[in-house]
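One file, target.csv, is given below (CSV, C-alpha atoms).
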chain,number,residue,atom,x,y,z
E,1103,MET,CA,6.7,21.2,38.6
E,1104,ILE,CA,6.2,23.5,35.6
E,1105,VAL,CA,7.9,20.9,33.3
E,1106,LEU,CA,5.4,18.2,34.3
E,1107,GLU,CA,2.5,20.6,33.8
E,1108,VAL,CA,3.7,21.6,30.3
E,1109,VAL,CA,4.1,17.9,29.4
E,1110,PHE,CA,0.6,17.1,30.8
E,1111,TYR,CA,-1.2,19.8,28.7
E,1112,THR,CA,0.9,18.8,25.7
E,1113,PHE,CA,-0.3,15.2,26.2
E,1114,ILE,CA,-3.9,16.4,26.2
E,1115,VAL,CA,-3.4,18.2,22.9
E,1116,ILE,CA,-1.7,15.0,21.4
E,1117,VAL,CA,-4.7,12.9,22.6
E,1118,CYS,CA,-7.1,15.3,20.9
E,1119,ILE,CA,-5.1,15.1,17.6
E,1120,GLN,CA,-5.1,11.3,17.7
E,1121,ILE,CA,-8.8,11.2,18.4
E,1122,LEU,CA,-9.4,13.6,15.5
E,1123,PHE,CA,-7.4,11.2,13.2
E,1124,TYR,CA,-9.3,8.1,14.2
E,1125,SER,CA,-12.8,9.6,14.6
E,1126,PHE,CA,-12.9,12.0,11.7
E,1127,ILE,CA,-10.3,11.0,9.1
E,1128,PHE,CA,-9.9,7.2,9.4
E,1129,SER,CA,-13.6,6.8,10.1
E,1130,ASN,CA,-14.2,7.8,6.5
E,1131,PHE,CA,-13.1,4.3,5.6
E,1132,SER,CA,-14.3,2.4,8.7
E,1133,ARG,CA,-17.9,3.7,8.0
E,1134,TYR,CA,-17.6,3.3,4.3
E,1135,ARG,CA,-20.4,1.3,2.7
E,1136,LEU,CA,-19.6,-0.8,-0.4
E,1137,SER,CA,-21.2,0.5,-3.6
E,1138,ARG,CA,-22.6,-1.6,-6.4
E,1139,PRO,CA,-20.1,-2.4,-9.1
E,1140,ASN,CA,-20.6,-1.5,-12.8
E,1141,SER,CA,-21.9,-4.6,-14.5
E,1142,LYS,CA,-20.3,-3.6,-17.9
E,1143,LYS,CA,-17.2,-5.8,-18.6
E,1144,ILE,CA,-14.4,-3.9,-20.2
E,1145,SER,CA,-11.2,-5.1,-21.9
E,1146,VAL,CA,-8.3,-5.2,-19.3
E,1147,SER,CA,-4.6,-5.7,-19.5
E,1148,VAL,CA,-3.1,-7.2,-16.3
E,1149,ILE,CA,0.5,-6.0,-16.0
E,1150,ILE,CA,3.2,-7.9,-14.0
E,1151,CYS,CA,6.8,-6.7,-13.9
E,1152,ALA,CA,9.2,-9.4,-12.7
E,1153,LYS,CA,12.9,-9.5,-11.9
E,1154,ASN,CA,14.3,-12.9,-10.9
E,1155,GLU,CA,10.8,-14.2,-10.1
E,1156,ALA,CA,10.8,-17.6,-11.8
E,1157,ASN,CA,9.6,-19.4,-8.7
E,1158,ASN,CA,6.9,-16.9,-7.9
E,1159,LEU,CA,5.6,-16.9,-11.4
E,1160,ASN,CA,5.3,-20.7,-11.4
E,1161,ALA,CA,3.4,-20.5,-8.1
E,1162,PHE,CA,1.1,-17.5,-8.6
E,1163,LEU,CA,0.6,-16.8,-12.4
E,1164,PRO,CA,-1.9,-19.7,-12.7
E,1165,SER,CA,-4.2,-17.7,-10.3
E,1166,ILE,CA,-4.2,-14.8,-12.8
E,1167,ILE,CA,-4.7,-17.0,-15.8
E,1168,ALA,CA,-7.7,-18.7,-14.0
E,1169,GLN,CA,-9.6,-15.4,-13.6
E,1170,LYS,CA,-13.3,-15.6,-14.5
E,1171,TYR,CA,-13.3,-12.7,-16.9
E,1172,PRO,CA,-14.2,-12.7,-20.6
E,1173,ASP,CA,-11.7,-10.3,-22.0
E,1174,PHE,CA,-8.2,-9.8,-20.5
E,1175,GLU,CA,-4.6,-10.1,-21.5
E,1176,ILE,CA,-1.6,-10.6,-19.3
E,1177,VAL,CA,1.5,-8.5,-20.0
E,1178,LEU,CA,4.6,-10.1,-18.4
E,1179,ILE,CA,7.6,-7.8,-18.2
E,1180,ASN,CA,11.0,-9.5,-17.8
E,1181,ASP,CA,13.2,-6.8,-16.3
E,1182,ASN,CA,16.6,-8.1,-17.2
E,1183,SER,CA,16.4,-11.2,-15.0
E,1184,ASN,CA,19.4,-13.4,-14.5
E,1185,ASP,CA,17.5,-16.5,-13.5
E,1186,ASN,CA,15.1,-18.4,-15.8
E,1187,THR,CA,12.2,-15.9,-15.4
E,1188,LEU,CA,12.0,-15.4,-19.2
E,1189,GLU,CA,11.8,-19.1,-19.8
E,1190,VAL,CA,9.0,-19.5,-17.3
E,1191,MET,CA,7.1,-16.7,-19.0
E,1192,LYS,CA,7.6,-18.3,-22.4
E,1193,SER,CA,6.3,-21.7,-21.1
E,1194,PHE,CA,3.1,-20.1,-19.9
E,1195,ALA,CA,2.7,-18.0,-23.1
E,1196,GLU,CA,2.9,-21.2,-25.3
E,1197,LYS,CA,-0.2,-22.5,-23.5
E,1198,HIS,CA,-2.1,-19.3,-23.1
E,1199,PRO,CA,-2.5,-17.0,-26.1
E,1200,ASN,CA,-3.7,-14.0,-24.0
E,1201,ILE,CA,-0.1,-13.7,-22.5
E,1202,LYS,CA,2.2,-11.1,-24.0
E,1203,ILE,CA,5.9,-11.0,-23.0
E,1204,VAL,CA,8.0,-7.8,-22.9
E,1205,ASP,CA,11.7,-8.6,-22.5
E,1206,VAL,CA,13.5,-5.5,-21.2
E,1207,LYS,CA,17.2,-5.1,-21.9
E,1208,PRO,CA,19.2,-2.8,-19.7
E,1209,ILE,CA,20.3,0.6,-21.0
E,1210,GLU,CA,22.7,2.9,-19.2
E,1211,THR,CA,20.3,5.8,-18.7
E,1212,PHE,CA,17.7,3.7,-16.9
E,1213,TRP,CA,19.9,1.0,-15.4
E,1214,GLY,CA,18.0,-0.9,-12.7
E,1215,ASN,CA,14.9,1.3,-12.9
E,1216,LYS,CA,11.6,-0.6,-12.6
E,1217,LYS,CA,9.8,2.5,-14.0
E,1218,TYR,CA,11.5,2.1,-17.3
E,1219,ALA,CA,10.5,-1.6,-17.6
E,1220,LEU,CA,6.9,-0.8,-16.6
E,1221,THR,CA,6.7,2.0,-19.2
E,1222,LEU,CA,7.6,-0.5,-21.9
E,1223,GLY,CA,5.0,-2.9,-20.6
E,1224,ILE,CA,2.3,-0.3,-20.5
E,1225,LYS,CA,3.1,0.7,-24.1
E,1226,ALA,CA,2.8,-2.9,-25.1
E,1227,ALA,CA,-0.6,-3.3,-23.5
E,1228,SER,CA,-3.4,-3.7,-26.0
E,1229,ASN,CA,-6.2,-2.5,-23.8
E,1230,ALA,CA,-7.2,0.9,-22.4
E,1231,PHE,CA,-7.6,-0.3,-18.8
E,1232,LEU,CA,-4.6,-1.5,-16.9
E,1233,LEU,CA,-4.6,-3.6,-13.7
E,1234,PHE,CA,-1.3,-4.0,-11.9
E,1235,THR,CA,0.0,-6.6,-9.5
E,1236,ASP,CA,3.4,-8.2,-8.5
E,1237,ALA,CA,4.9,-11.6,-9.4
E,1238,ASP,CA,4.7,-12.7,-5.7
E,1239,CYS,CA,1.0,-11.8,-5.5
E,1240,LYS,CA,-2.1,-14.0,-5.7
E,1241,PRO,CA,-5.7,-12.8,-6.1
E,1242,VAL,CA,-7.8,-14.1,-3.3
E,1243,SER,CA,-10.6,-15.0,-5.7
E,1244,LYS,CA,-11.2,-15.7,-9.4
E,1245,ASN,CA,-13.3,-12.5,-9.6
E,1246,TRP,CA,-10.4,-10.1,-8.9
E,1247,ILE,CA,-10.2,-8.6,-12.4
E,1248,TYR,CA,-14.0,-8.2,-12.4
E,1249,GLU,CA,-14.2,-6.5,-9.0
E,1250,MET,CA,-11.3,-4.1,-9.7
E,1251,SER,CA,-12.3,-3.2,-13.3
E,1252,SER,CA,-16.0,-2.8,-12.4
E,1253,ARG,CA,-15.1,0.4,-10.4
E,1254,PHE,CA,-14.1,2.2,-13.6
E,1255,SER,CA,-16.6,4.8,-14.9
E,1256,ASN,CA,-16.7,7.8,-17.1
E,1257,GLU,CA,-15.4,9.9,-14.2
E,1258,LYS,CA,-13.2,7.4,-12.3
E,1259,SER,CA,-9.9,6.6,-14.1
E,1260,ILE,CA,-8.0,5.2,-11.0
E,1261,VAL,CA,-9.0,2.3,-8.8
E,1262,ILE,CA,-7.1,1.8,-5.6
E,1263,GLY,CA,-7.3,-1.7,-4.1
E,1264,TYR,CA,-6.0,-3.5,-1.1
E,1265,GLY,CA,-2.9,-5.7,-1.2
E,1266,ALA,CA,-2.6,-7.9,1.9
E,1267,TYR,CA,0.1,-10.2,3.1
E,1268,ASN,CA,-0.3,-13.9,3.9
E,1269,LYS,CA,-0.9,-14.9,7.5
E,1270,VAL,CA,1.8,-16.9,9.3
E,1271,LYS,CA,0.6,-18.5,12.4
E,1272,GLY,CA,2.7,-17.8,15.6
E,1273,SER,CA,4.9,-15.2,14.0
E,1274,PHE,CA,5.1,-11.8,15.7
E,1275,LEU,CA,7.0,-10.4,12.7
E,1276,ASN,CA,4.1,-11.4,10.4
E,1277,LYS,CA,1.7,-9.6,12.8
E,1278,LEU,CA,3.9,-6.5,12.7
E,1279,ILE,CA,4.1,-6.5,8.9
E,1280,ARG,CA,0.4,-7.1,8.4
E,1281,TYR,CA,-0.5,-4.4,11.0
E,1282,GLU,CA,1.7,-1.8,9.3
E,1283,THR,CA,0.2,-2.7,5.9
E,1284,PHE,CA,-3.3,-2.6,7.4
E,1285,LEU,CA,-2.8,0.8,9.1
E,1286,THR,CA,-1.2,2.2,5.9
E,1287,ALA,CA,-4.2,1.0,3.9
E,1288,ILE,CA,-6.7,2.6,6.3
E,1289,GLN,CA,-4.9,5.9,5.8
E,1290,TYR,CA,-4.7,5.9,2.0
E,1291,LEU,CA,-8.2,4.5,1.6
E,1292,SER,CA,-9.6,7.1,4.1
E,1293,TYR,CA,-7.9,10.0,2.4
E,1294,ALA,CA,-9.1,8.8,-1.0
E,1295,LYS,CA,-12.7,8.8,0.4
E,1296,LEU,CA,-12.0,12.3,1.7
E,1297,GLY,CA,-11.1,13.4,-1.8
E,1298,GLN,CA,-7.4,13.6,-1.0
E,1299,PRO,CA,-5.9,10.4,-2.6
E,1300,TYR,CA,-2.1,10.3,-2.0
E,1301,MET,CA,-0.9,6.8,-2.7
E,1302,ALA,CA,-1.6,3.2,-3.7
E,1303,VAL,CA,0.2,-0.1,-3.8
E,1304,GLY,CA,1.4,-1.7,-7.0
E,1305,ARG,CA,0.2,-5.0,-5.7
E,1306,ASN,CA,-3.4,-4.0,-6.5
E,1307,LEU,CA,-3.9,-0.9,-8.6
E,1308,ALA,CA,-5.7,0.0,-11.8
E,1309,TYR,CA,-5.8,3.0,-14.0
E,1310,ARG,CA,-6.6,4.0,-17.6
E,1311,LYS,CA,-3.8,3.8,-20.1
E,1312,GLU,CA,-4.5,7.3,-21.5
E,1313,LEU,CA,-4.1,8.8,-18.0
E,1314,PHE,CA,-0.5,7.4,-17.9
E,1315,PHE,CA,0.4,9.1,-21.2
E,1316,LYS,CA,-1.4,12.4,-20.4
E,1317,ALA,CA,0.8,12.6,-17.3
E,1318,ASN,CA,3.9,11.9,-19.4
E,1319,GLY,CA,4.3,8.6,-17.5
E,1320,PHE,CA,6.9,8.4,-14.7
E,1321,MET,CA,9.1,11.2,-16.2
E,1322,LYS,CA,8.5,13.6,-13.3
E,1323,HIS,CA,10.1,11.2,-10.9
E,1324,MET,CA,12.0,8.8,-13.2
E,1325,HIS,CA,15.2,9.8,-11.3
E,1326,ILE,CA,13.7,8.3,-8.1
E,1327,LYS,CA,14.0,4.5,-8.5
E,1328,SER,CA,11.1,3.7,-6.2
E,1329,GLY,CA,7.5,5.1,-6.4
E,1330,ASP,CA,6.1,3.6,-9.6
E,1331,ASP,CA,2.9,3.2,-7.6
E,1332,ASP,CA,2.7,5.8,-4.8
E,1333,LEU,CA,4.5,8.6,-6.4
E,1334,PHE,CA,2.6,8.2,-9.7
E,1335,ILE,CA,-0.7,8.2,-7.8
E,1336,ASN,CA,0.4,11.2,-5.7
E,1337,GLN,CA,1.1,13.0,-8.9
E,1338,ILE,CA,-2.1,12.3,-10.9
E,1339,ALA,CA,-4.9,11.3,-8.4
E,1340,ASN,CA,-7.6,13.7,-7.3
E,1341,LYS,CA,-11.1,13.7,-5.9
E,1342,SER,CA,-12.7,13.5,-9.3
E,1343,ASN,CA,-10.8,10.7,-11.0
E,1344,THR,CA,-10.1,8.3,-8.1
E,1345,THR,CA,-12.2,5.6,-6.4
E,1346,ILE,CA,-11.5,2.6,-4.1
E,1347,CYS,CA,-12.3,-1.1,-4.3
E,1348,VAL,CA,-12.4,-3.1,-1.1
E,1349,THR,CA,-14.8,-6.0,-1.8
E,1350,LYS,CA,-13.5,-9.3,-0.4
E,1351,ASP,CA,-13.0,-10.7,-3.9
E,1352,SER,CA,-10.9,-7.7,-4.9
E,1353,PHE,CA,-7.9,-8.3,-2.6
E,1354,THR,CA,-4.5,-9.8,-3.4
E,1355,GLU,CA,-2.2,-11.6,-1.0
E,1356,SER,CA,1.6,-11.4,-1.1
E,1357,ILE,CA,4.4,-13.3,0.5
E,1358,PRO,CA,5.7,-11.3,3.5
E,1359,LYS,CA,9.3,-10.8,4.3
E,1360,GLN,CA,10.8,-13.6,6.5
E,1361,SER,CA,13.2,-11.5,8.5
E,1362,PHE,CA,13.4,-8.1,10.2
E,1363,LYS,CA,16.4,-7.3,8.0
E,1364,GLU,CA,14.5,-7.9,4.8
E,1365,TRP,CA,11.5,-6.0,6.0
E,1366,SER,CA,13.7,-3.2,7.2
E,1367,LEU,CA,15.2,-2.7,3.7
E,1368,GLN,CA,11.7,-2.8,2.2
E,1369,LYS,CA,10.4,-0.1,4.6
E,1370,ARG,CA,13.4,2.1,4.1
E,1371,ARG,CA,12.6,2.3,0.4
E,1372,HIS,CA,8.9,3.1,1.1
E,1373,ILE,CA,9.6,5.7,3.7
E,1374,SER,CA,12.3,7.5,1.6
E,1375,THR,CA,9.8,7.7,-1.2
E,1376,ALA,CA,7.2,9.5,1.0
E,1377,HIS,CA,9.5,12.5,1.2
E,1378,HIS,CA,8.6,13.3,-2.4
E,1379,TYR,CA,4.8,13.4,-1.8
E,1380,LYS,CA,2.9,16.7,-2.0
E,1381,PHE,CA,3.4,19.0,1.0
E,1382,GLN,CA,-0.1,18.6,2.4
E,1383,HIS,CA,0.2,14.8,2.3
E,1384,GLN,CA,3.6,14.9,4.0
E,1385,PHE,CA,2.3,17.2,6.6
E,1386,PHE,CA,-0.7,15.1,7.7
E,1387,LEU,CA,1.2,11.8,7.5
E,1388,GLY,CA,4.0,13.3,9.6
E,1389,LEU,CA,1.5,14.8,12.1
E,1390,PHE,CA,-0.1,11.4,12.6
E,1391,TYR,CA,3.1,9.5,13.2
E,1392,LEU,CA,4.5,12.3,15.4
E,1393,SER,CA,1.3,12.3,17.5
E,1394,GLN,CA,1.5,8.5,17.8
E,1395,PHE,CA,5.1,8.7,19.1
E,1396,LEU,CA,4.3,11.6,21.5
E,1397,PHE,CA,1.2,9.9,22.8
E,1398,TRP,CA,3.1,6.9,24.2
E,1399,ALA,CA,6.2,8.8,25.1
E,1400,LEU,CA,4.4,11.5,27.1
E,1401,ALA,CA,2.0,9.0,28.6
E,1402,ILE,CA,4.8,6.9,29.9
E,1403,PHE,CA,6.7,9.9,31.2
E,1404,LEU,CA,3.7,11.2,33.1
E,1405,LEU,CA,2.9,7.8,34.6
E,1406,VAL,CA,6.5,7.3,35.7
E,1407,PHE,CA,6.3,10.6,37.6
E,1408,ASN,CA,2.8,9.8,38.9
E,1409,TYR,CA,1.5,13.1,37.6
E,1410,GLU,CA,-2.3,13.3,37.3
E,1411,TRP,CA,-2.2,9.6,36.7
E,1412,LYS,CA,-5.9,9.1,36.9
E,1413,ILE,CA,-6.6,11.6,34.1
E,1414,VAL,CA,-3.6,10.3,32.1
E,1415,LEU,CA,-4.8,6.8,32.4
E,1416,GLY,CA,-8.4,7.8,31.5
E,1417,LEU,CA,-7.1,9.6,28.4
E,1418,ILE,CA,-5.1,6.6,27.3
E,1419,ILE,CA,-8.1,4.3,27.7
E,1420,LEU,CA,-10.3,6.8,25.8
E,1421,ARG,CA,-7.9,7.0,22.9
E,1422,VAL,CA,-7.3,3.2,22.8
E,1423,VAL,CA,-11.1,2.6,22.8
E,1424,ILE,CA,-11.7,5.0,19.9
E,1425,GLN,CA,-8.8,3.5,18.0
E,1426,PHE,CA,-10.1,0.0,18.5
E,1427,ILE,CA,-13.7,0.9,17.4
E,1428,ASN,CA,-12.4,2.3,14.1
E,1429,LEU,CA,-9.7,-0.4,13.5
E,1430,HIS,CA,-12.1,-3.2,14.3
E,1431,ALA,CA,-14.7,-1.8,11.8
E,1432,ALA,CA,-11.9,-1.4,9.1
E,1433,SER,CA,-10.5,-4.9,9.9
E,1434,LYS,CA,-13.8,-6.5,9.1
E,1435,LYS,CA,-13.8,-4.8,5.7
E,1436,LEU,CA,-10.2,-5.8,4.9
E,1437,ASN,CA,-10.4,-9.3,6.5
E,1438,GLU,CA,-7.8,-8.6,9.1
E,1439,LYS,CA,-9.9,-9.2,12.2
E,1440,ASP,CA,-7.1,-10.5,14.4
E,1441,LEU,CA,-5.1,-7.2,14.2
E,1442,ALA,CA,-7.4,-4.7,15.9
E,1443,PHE,CA,-7.2,-6.5,19.2
E,1444,LEU,CA,-3.4,-6.3,19.2
E,1445,ALA,CA,-3.2,-2.7,18.1
E,1446,PRO,CA,-1.7,-1.1,21.3
E,1447,LEU,CA,1.0,-3.7,21.6
E,1448,ILE,CA,2.0,-3.8,18.0
E,1449,GLU,CA,1.8,0.0,17.7
E,1450,VAL,CA,4.6,0.5,20.3
E,1451,PHE,CA,6.9,-1.9,18.4
E,1452,LEU,CA,6.0,-0.2,15.1
E,1453,ILE,CA,6.8,3.3,16.4
E,1454,ALA,CA,10.2,2.1,17.6
E,1455,PHE,CA,10.8,0.4,14.3
E,1456,GLN,CA,9.9,3.5,12.3
E,1457,PHE,CA,12.1,5.6,14.4
E,1458,PHE,CA,15.0,3.2,13.7
E,1459,ILE,CA,14.2,3.4,9.9
E,1460,PHE,CA,14.2,7.2,10.1
E,1461,ILE,CA,17.6,7.3,11.6
E,1462,LYS,CA,19.0,4.7,9.1
E,1463,ASN,CA,17.7,6.7,6.2
E,1464,MET,CA,19.4,9.8,7.5
E,1465,LEU,CA,22.7,8.0,7.7
E,1466,SER,CA,22.6,6.1,4.4
E,1467,LYS,CA,20.5,5.6,1.3
E,1468,PRO,CA,18.3,2.5,1.0
E,1469,LYS,CA,18.7,0.0,-1.8
E,1470,TYR,CA,16.2,-0.2,-4.6
E,1471,TRP,CA,15.0,-2.5,-7.4
E,1472,LYS,CA,18.1,-4.4,-8.8

Any chance you could give the structure as structure tokens?
Amino acid sequence: MIVLEVVFYTFIVIVCIQILFYSFIFSNFSRYRLSRPNSKKISVSVIICAKNEANNLNAFLPSIIAQKYPDFEIVLINDNSNDNTLEVMKSFAEKHPNIKIVDVKPIETFWGNKKYALTLGIKAASNAFLLFTDADCKPVSKNWIYEMSSRFSNEKSIVIGYGAYNKVKGSFLNKLIRYETFLTAIQYLSYAKLGQPYMAVGRNLAYRKELFFKANGFMKHMHIKSGDDDLFINQIANKSNTTICVTKDSFTESIPKQSFKEWSLQKRRHISTAHHYKFQHQFFLGLFYLSQFLFWALAIFLLVFNYEWKIVLGLIILRVVIQFINLHAASKKLNEKDLAFLAPLIEVFLIAFQFFIFIKNMLSKPKYWK
């Protein structure tokens, strides 16, 4: 049948595209060798924007305060919380003089906009180097500030780190969330190594304060309520000013969502933001996800009709092996060793989930920072 023949040759092209991604693009990170950090210790402002995060601040702020670093301040931004977030911030500030509080009151123009709150916090920061994380994040070591800040140099003004999620034993949802986070990190870290940085996560990101003001802050995308991390990096990052930090002590860990519904809402926000990336970034990200979907769809189709099944099965195995080699190498760097072995299974669920998110976003707009 002509249809099966067309599908077969299309499948071969898709396999080649997937192999190109894993062997030549993502391998830029999987083969990456850690560089020596800059030993010079600079003054750093750690910025945390919190909205109704009283419990998380009590749980995780002590790990920031306990950092082994000689010169840092913590800028806590209370974004119009309606719980006792502000009171918790004040209780910590009374005991630790290096804590500064920015209490943001709502105004009509920027109602519910996290970027407005972050802008006020950045303006209040005393130091030239800014390190960002979230209220529900915990550095995995006491050397987090040192590791991230040591990557700054005269040329490098942006440092992209890795923000992981806590492991929950026996939870498939947790594996799914962590795998999606892991695969996303491989992509943005690989493209950064290629000289095409396109995003970062606000859970673990650093940049110079002057860079923020030279770019006029978030003004180019202030009307988009999400994207204080990825859209800003997509706007200002380039080959010359950006580097990555993936030493084990530089990671942060966050609390993952506890239900598919919560995670679905979170991913809807993230995916909708990606539509505002630069065209070349949208193209390559879209090509990767489309080739992922077509790889499994066409493979299953051909196997069901028993068309050239030996070749199809061989190509599936080839792609899976190349994928595993690169994911396994990356997983050792990012301390996610359990995920590479489950990649084919989780990938199928993730593709179906992303397709669901795509349809949902077409039908209605996702909710943002409240």

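Closest approach to Ile1201 of chain E among E:Ser1328, E:Ser1228, E:Asn1215, E:Asn1268: E:Ser1228, based on only C-alpha atoms.
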
- Do you know which residues are at most 9 Å from Gln1289 of chain E counting all atoms listed in the file, after dropping those on the same chain fewer than 2 positions away, and could you put them as a count of residues only? 12

- Task: In Å, rounded to a single decimal, give me how far atom CA of Phe1334 of chain E is from atom CA of Ile1260 of chain E.
- Result: 11.1 Å

- Within 10 Å of (-2.0, 7.8, -16.7), in the coordinates the file gives, what residues turn up when you count only C-alpha atoms, written out as a PyMOL selection string? chain E and resi 1224+1232+1259-1260+1308-1320+1334-1335+1337-1339

- Message: When you look at Lys1359 of chain E with a cut-off of 9 Å (counting all atoms listed in the file), what residues show up, excluding the ones that are within fewer than 5 positions of it in the same chain? I need them as a VMD selection string.
- Response: chain E and resid 1275 to 1276 1279 1364 to 1365 1368

Write out the residues from the selection above, keeping C-alpha atoms, as a PDB file, keeping the file's coordinate frame.
ATOM      1  CA  LEU E1275       7.000 -10.400  12.700  1.00  0.00           C
ATOM      2  CA  ASN E1276       4.100 -11.400  10.400  1.00  0.00           C
ATOM      3  CA  ILE E1279       4.100  -6.500   8.900  1.00  0.00           C
ATOM      4  CA  GLU E1364      14.500  -7.900   4.800  1.00  0.00           C
ATOM      5  CA  TRP E1365      11.500  -6.000   6.000  1.00  0.00           C
ATOM      6  CA  GLN E1368      11.700  -2.800   2.200  1.00  0.00           C
TER       7      GLN E1368
END

Closest-contact table, segment 1106-1171 of chain E side, partner segment 1419-1443 of chain E, 8 Å, counting all atoms listed in the file, as a tab-separated table:
residue	atom	partner	partner_atom	distance
E:Val1117	CA	E:Arg1421	CA	6.7
E:Gln1120	CA	E:Arg1421	CA	7.3
E:Ile1121	CA	E:Arg1421	CA	6.2
E:Tyr1124	CA	E:Gln1425	CA	6.0
E:Ser1125	CA	E:Ile1424	CA	7.1
E:Phe1128	CA	E:Asn1428	CA	7.2
E:Ser1129	CA	E:Asn1428	CA	6.1
E:Phe1131	CA	E:Ala1432	CA	6.8
E:Ser1132	CA	E:Ala1432	CA	4.5
E:Arg1133	CA	E:Ala1431	CA	7.4

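Taking all atoms listed in the file into account, Asn1245 of chain E lies nearest to E:Ala1168 out of the set E:Val1406, E:Ala1168, E:Ile1114, E:Ile1326.
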
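Selecting by distance to (11.8, -12.4, -17.1) with a limit of 7 Å and using only C-alpha atoms, one obtains E:Ala1152, E:Lys1153, E:Asn1154, E:Ile1179, E:Asn1180, E:Asp1181, E:Asn1182, E:Ser1183, E:Asn1186, E:Thr1187, E:Leu1188, E:Met1191, E:Asp1205.
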
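The coordinates place atom CA of Leu1163 of chain E at 21.7 Å from atom CA of Val1261 of chain E.
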